[in-house]
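my_file-v2.txt follows; it contains compact mmCIF, C-alpha atoms.
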```txt
# COMPACT_ATOMS: atom_id res chain seq x y z
CA MET Z 1 -76.46 -27.23 -56.91
CA LYS Z 2 -76.54 -24.25 -59.17
CA ARG Z 3 -77.80 -22.20 -56.38
CA SER Z 4 -75.04 -23.27 -53.99
CA MET Z 5 -72.46 -22.55 -56.62
CA ILE Z 6 -73.92 -19.15 -57.24
CA LEU Z 7 -74.01 -18.43 -53.50
CA ALA Z 8 -70.44 -19.66 -53.11
CA GLY Z 9 -69.37 -17.43 -56.02
CA ILE Z 10 -71.17 -14.46 -54.55
CA ALA Z 11 -69.60 -15.11 -51.14
CA MET Z 12 -66.20 -15.42 -52.72
CA THR Z 13 -66.66 -12.24 -54.72
CA ILE Z 14 -67.81 -10.39 -51.62
CA SER Z 15 -64.81 -11.63 -49.61
CA VAL Z 16 -62.41 -10.67 -52.43
CA LEU Z 17 -64.02 -7.26 -52.72
CA SER Z 18 -63.96 -6.72 -48.98
CA ALA Z 19 -60.32 -7.84 -48.82
CA CYS Z 20 -59.45 -5.40 -51.59
CA THR Z 21 -61.34 -2.65 -49.82
CA ASN Z 22 -59.54 -3.40 -46.54
CA GLU Z 23 -56.24 -3.50 -48.37
CA GLN Z 24 -56.94 -0.14 -50.01
CA VAL Z 25 -57.92 1.32 -46.65
CA ASP Z 26 -54.73 -0.11 -45.10
CA VAL Z 27 -52.64 1.28 -47.96
CA LYS Z 28 -54.24 4.70 -47.57
CA ALA Z 29 -53.66 4.63 -43.82
CA LEU Z 30 -50.07 3.48 -44.24
CA THR Z 31 -49.47 6.10 -46.93
CA ALA Z 32 -50.88 8.84 -44.71
CA ASP Z 33 -48.80 7.58 -41.78
CA TYR Z 34 -45.59 7.51 -43.84
CA GLU Z 35 -46.34 10.91 -45.34
CA SER Z 36 -46.75 12.42 -41.86
CA LYS Z 37 -43.51 10.76 -40.72
CA ILE Z 38 -41.72 12.06 -43.82
CA GLU Z 39 -43.08 15.55 -43.18
CA ALA Z 40 -41.92 15.39 -39.54
CA LYS Z 41 -38.45 14.26 -40.65
CA ASN Z 42 -38.33 17.02 -43.28
CA ASN Z 43 -39.23 19.57 -40.58
CA GLU Z 44 -36.49 18.14 -38.38
CA ILE Z 45 -34.01 18.36 -41.27
CA THR Z 46 -35.03 21.98 -41.91
CA LYS Z 47 -34.50 22.83 -38.23
CA LEU Z 48 -31.11 21.10 -38.28
CA HIS Z 49 -30.11 23.07 -41.41
CA GLU Z 50 -31.11 26.31 -39.67
CA GLU Z 51 -29.15 25.30 -36.57
CA LEU Z 52 -26.17 24.41 -38.74
CA SER Z 53 -26.32 27.85 -40.38
CA VAL Z 54 -26.32 29.54 -36.97
CA ILE Z 55 -23.40 27.39 -35.82
CA LYS Z 56 -21.45 28.22 -38.99
CA VAL Z 57 -21.91 31.95 -38.31
CA GLU Z 58 -20.82 31.48 -34.68
CA LEU Z 59 -17.81 29.46 -35.82
CA GLU Z 60 -16.74 32.22 -38.20
CA GLN Z 61 -17.06 34.78 -35.40
CA GLU Z 62 -14.97 32.64 -33.03
CA LYS Z 63 -12.43 32.06 -35.78
CA ALA Z 64 -12.11 35.82 -36.27
CA LYS Z 65 -11.62 36.26 -32.50
CA VAL Z 66 -8.89 33.61 -32.42
CA GLU Z 67 -7.15 35.20 -35.40
CA ASN Z 68 -7.36 38.59 -33.66
CA VAL Z 69 -5.90 37.15 -30.44
CA SER Z 70 -3.16 35.49 -32.46
CA VAL Z 71 -2.23 38.79 -34.10
CA GLN Z 72 -2.28 40.61 -30.77
CA LEU Z 73 -0.18 37.94 -29.09
CA GLN Z 74 2.39 38.12 -31.88
CA HIS Z 75 2.49 41.90 -31.46
CA PHE Z 76 3.08 41.66 -27.70
CA ASP Z 77 5.59 38.83 -28.08
CA HIS Z 78 7.57 40.83 -30.63
CA LYS Z 79 7.68 43.85 -28.30
CA ALA Z 80 8.68 41.74 -25.28
CA ARG Z 81 11.52 40.07 -27.14
CA ARG Z 82 12.67 43.41 -28.55
CA ILE Z 83 12.74 44.88 -25.04
CA MET Z 84 14.76 41.97 -23.69
CA ASN Z 85 17.25 42.28 -26.58
CA LEU Z 86 17.74 45.98 -25.91
CA ILE Z 87 18.27 45.35 -22.19
CA ALA Z 88 20.66 42.44 -22.84
CA GLU Z 89 22.71 44.66 -25.17
CA ASN Z 90 22.70 47.51 -22.58
CA ASN Z 91 21.15 49.71 -25.24
CA PHE Z 92 19.15 51.77 -22.75
CA ASP Z 93 18.91 54.99 -24.76
CA GLU Z 94 17.28 53.18 -27.66
CA PHE Z 95 15.01 51.37 -25.19
CA LYS Z 96 13.86 54.71 -23.71
CA ASN Z 97 13.34 56.29 -27.13
CA GLU Z 98 11.58 53.34 -28.72
CA PHE Z 99 9.22 52.50 -25.85
CA HIS Z 100 8.88 55.90 -24.11
CA VAL Z 101 9.30 54.58 -20.56
CA ASP Z 102 10.99 56.03 -17.50
CA PHE Z 103 13.49 53.75 -15.81
CA GLU Z 104 16.78 53.85 -13.99
CA VAL Z 105 19.64 51.39 -14.11
CA ILE Z 106 20.88 50.86 -10.56
CA ASP Z 107 23.01 47.94 -9.36
CA GLU Z 108 22.47 45.95 -12.56
CA LEU Z 109 18.68 46.32 -12.24
CA VAL Z 110 16.38 48.10 -14.64
CA SER Z 111 13.93 49.83 -12.28
CA PHE Z 112 10.82 51.41 -13.72
CA VAL Z 113 9.76 54.66 -12.07
CA ASN Z 114 6.38 56.37 -11.80
CA ILE Z 115 4.43 53.12 -11.84
CA SER Z 116 1.35 53.65 -9.68
CA GLU Z 117 0.04 50.07 -9.96
CA TYR Z 118 2.81 48.70 -7.76
CA LEU Z 119 3.67 49.46 -4.16
CA SER Z 120 7.31 48.70 -4.83
CA VAL Z 121 9.28 49.72 -7.91
CA PRO Z 122 9.10 47.01 -10.59
CA SER Z 123 12.55 45.97 -11.72
CA LEU Z 124 14.37 43.45 -13.84
CA PRO Z 125 17.92 42.11 -13.38
CA ILE Z 126 19.90 42.92 -16.53
CA GLU Z 127 21.71 39.56 -16.42
CA ILE Z 128 18.53 37.56 -17.09
CA ALA Z 129 17.62 39.52 -20.24
CA GLU Z 130 19.77 37.22 -22.37
CA PHE Z 131 18.22 33.96 -21.15
CA PRO Z 132 15.88 31.99 -23.41
CA MET Z 133 12.25 33.10 -23.06
CA TYR Z 134 9.31 30.70 -23.04
CA MET Z 135 5.73 31.93 -23.20
CA ALA Z 136 3.85 31.32 -19.95
CA PHE Z 137 0.58 33.22 -20.31
CA TYR Z 138 -1.33 35.94 -22.11
CA ASN Z 139 -3.80 37.94 -20.02
CA PRO Z 140 -5.74 40.59 -21.97
CA GLN Z 141 -7.96 42.82 -19.82
CA PRO Z 142 -10.01 45.92 -20.70
CA GLU Z 143 -7.53 48.31 -19.04
CA PHE Z 144 -4.22 46.47 -19.58
CA THR Z 145 -2.56 43.38 -21.00
CA GLU Z 146 -0.07 41.21 -19.22
CA VAL Z 147 2.21 38.73 -20.97
CA GLY Z 148 4.25 36.30 -18.92
CA TYR Z 149 7.38 34.34 -19.73
CA PHE Z 150 9.65 31.85 -18.07
CA LEU Z 151 13.37 32.43 -18.45
CA TYR Z 152 15.82 29.63 -17.74
CA ASP Z 153 19.39 29.96 -16.59
CA ASN Z 154 20.76 26.59 -17.67
CA GLU Z 155 24.09 27.06 -15.88
CA LEU Z 156 22.58 27.63 -12.44
CA GLU Z 157 19.44 25.65 -13.23
CA ARG Z 158 17.32 28.55 -12.14
CA LYS Z 159 13.97 29.69 -13.50
CA TYR Z 160 12.70 33.27 -13.60
CA ASP Z 161 9.11 34.35 -14.03
CA ILE Z 162 8.77 37.74 -15.75
CA HIS Z 163 5.69 39.78 -16.61
CA PHE Z 164 5.40 42.46 -19.27
CA HIS Z 165 2.66 45.03 -18.70
CA PHE Z 166 1.04 46.99 -21.53
CA ASP Z 167 -1.67 49.63 -21.25
CA LYS Z 168 -5.05 49.48 -23.00
CA ASP Z 169 -3.48 51.10 -26.08
CA ARG Z 170 -0.92 48.25 -26.24
CA LYS Z 171 1.94 50.53 -25.19
CA PHE Z 172 4.65 49.02 -23.02
CA LYS Z 173 4.58 50.16 -19.37
CA PHE Z 174 7.10 47.96 -17.51
CA VAL Z 175 8.50 44.48 -16.97
CA THR Z 176 9.09 42.85 -13.63
CA THR Z 177 10.17 39.55 -12.13
CA ASN Z 178 7.93 37.68 -9.72
```
Before anything else, please render the file you have as structure tokens.
Amino acid sequence: MKRSMILAGIAMTISVLSACTNEQVDVKALTADYESKIEAKNNEITKLHEELSVIKVELEQEKAKVENVSVQLQHFDHKARRIMNLIAENNFDEFKNEFHVDFEVIDELVSFVNISEYLSVPSLPIEIAEFPMYMAFYNPQPEFTEVGYFLYDNELERKYDIHFHFDKDRKFKFVTTN
């Protein structure tokens, strides 16, 4: 009986020791597995931080572009409205002096001369210069900028489409109706 008890004790001790050894091996394997997963996630986080930094720089650049476009658009809008005010007030001398353009006033039309971009002479009816202006488009190009407006004659329920043309130095060239 002593012998069987000793053998049972030895067997139990061996099984406990082997269970502990297996558990330690499992813990080491799990720890290594989790550490590799944590390292992979940390690498992913680092890459995402780098990507976020690049995106922040791009966002700042785009923001600067939008602010620049906004400033340019305000500049062109101010000029266009100033031109229309001068025409509406029949203040043609000031218009010529301020904007340095050649035009003639014939039959209640402001006709711009020496404009090579057009086959016909661009012109604008003086009567529409006092109508409310609504921005239609802004078209900046390397060689010129075009700004379009809609003008509404509420009495006749008529709409006019006008285009202001500026050269690459943002100097006014002419305005025409389409």
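Minimum atom-to-atom distances from Z:Lys96, Z:Glu155, Z:Gln141, Z:Ile55 to Phe112 (chain Z) were compared using all atoms listed in the file, and the lowest value belongs to Z:Lys96.
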>> So the first atom is CA of Glu62 (chain Z) and the second is CA of Pro140 (chain Z); what is the distance between them in Å, to one decimal place?
In response: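 CA of Pro140 (chain Z) lies 16.5 Å from CA of Glu62 (chain Z).
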> Hey, what's within 12 Å of Asn85 (chain Z) if we count only C-alpha atoms and toss same-chain stuff fewer than 6 positions away? As a list in words, please?
Replying inline: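 Near neighbours after the sequence-gap exclusion: His78, Lys79, Asn91, Phe92, Glu94, Phe95, Ile126, Glu127, Ile128, Ala129, Glu130, Phe131, Pro132 and Met133 of chain Z.
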> With all atoms listed in the file as the atoms that count, which of Z:Phe144, Z:Phe174, Z:Phe76, Z:Tyr134 lies nearest to Lys159 (chain Z)?
Replying inline: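 Closest to Lys159 (chain Z) of all the choices is Z:Tyr134.
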Kindly assemble as CSV a list of the region 43-108 of chain Z residues that lie within 12 Å of region 24-38 of chain Z, each paired with its nearest atom pair and their distance in Å to one decimal, using all atoms listed in the file, sorted first by chain and then by ascending residue number.
```
residue,atom,partner,partner_atom,distance
Z:Asn43,CA,Z:Ile38,CA,8.5
Z:Glu44,CA,Z:Ile38,CA,9.7
Z:Ile45,CA,Z:Ile38,CA,10.3
```
> In Å to one decimal, how far is CA of Phe166 (chain Z) from CA of Ala64 (chain Z)?
Replying inline: 22.7 Å
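Residue nearest Ala88 (chain Z), chosen from Z:Ile106, Z:Pro125, Z:Glu60, Z:Gln72 and counting all atoms listed in the file: Z:Pro125.
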Give the centre and edge lengths of an axis-aligned box, in Å to one decimal, that holds all listed atoms of region 52-61 of chain Z with 5 Å on each side, as JSON.
```
{"center_x": -21.5, "center_y": 29.6, "center_z": -37.5, "size_x": 19.6, "size_y": 20.4, "size_z": 15.7}
```
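Picture a line from CA of Val147 (chain Z) to CA of Ile162 (chain Z); it runs 8.4 Å.
Using only C-alpha atoms for every distance, the candidate list Z:Asp161, Z:Phe172, Z:Asn178, Z:Ser123 yields Z:Phe172 as the residue closest to Glu98 (chain Z).
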> Taking only C-alpha atoms into account, which of Z:Glu58, Z:Val71, Z:Tyr138, Z:Glu89 comes nearest Phe164 (chain Z)?
Replying inline: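 Ranking Z:Glu58, Z:Val71, Z:Tyr138, Z:Glu89 by distance to Phe164 (chain Z), first place goes to Z:Tyr138.
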> Could you name the residues that touch His163 (chain Z) at 8 Å or less, counting all atoms listed in the file, but leaving out those on the same chain fewer than 5 positions away, as a PyMOL selection string?
Replying inline: chain Z and resi 146-149+175-178
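Of the residues listed (Z:Arg158, Z:Lys41, Z:Arg170, Z:Lys47), Z:Arg170 shows the shortest atom-to-atom separation from Ala80 (chain Z); distances use all atoms listed in the file.
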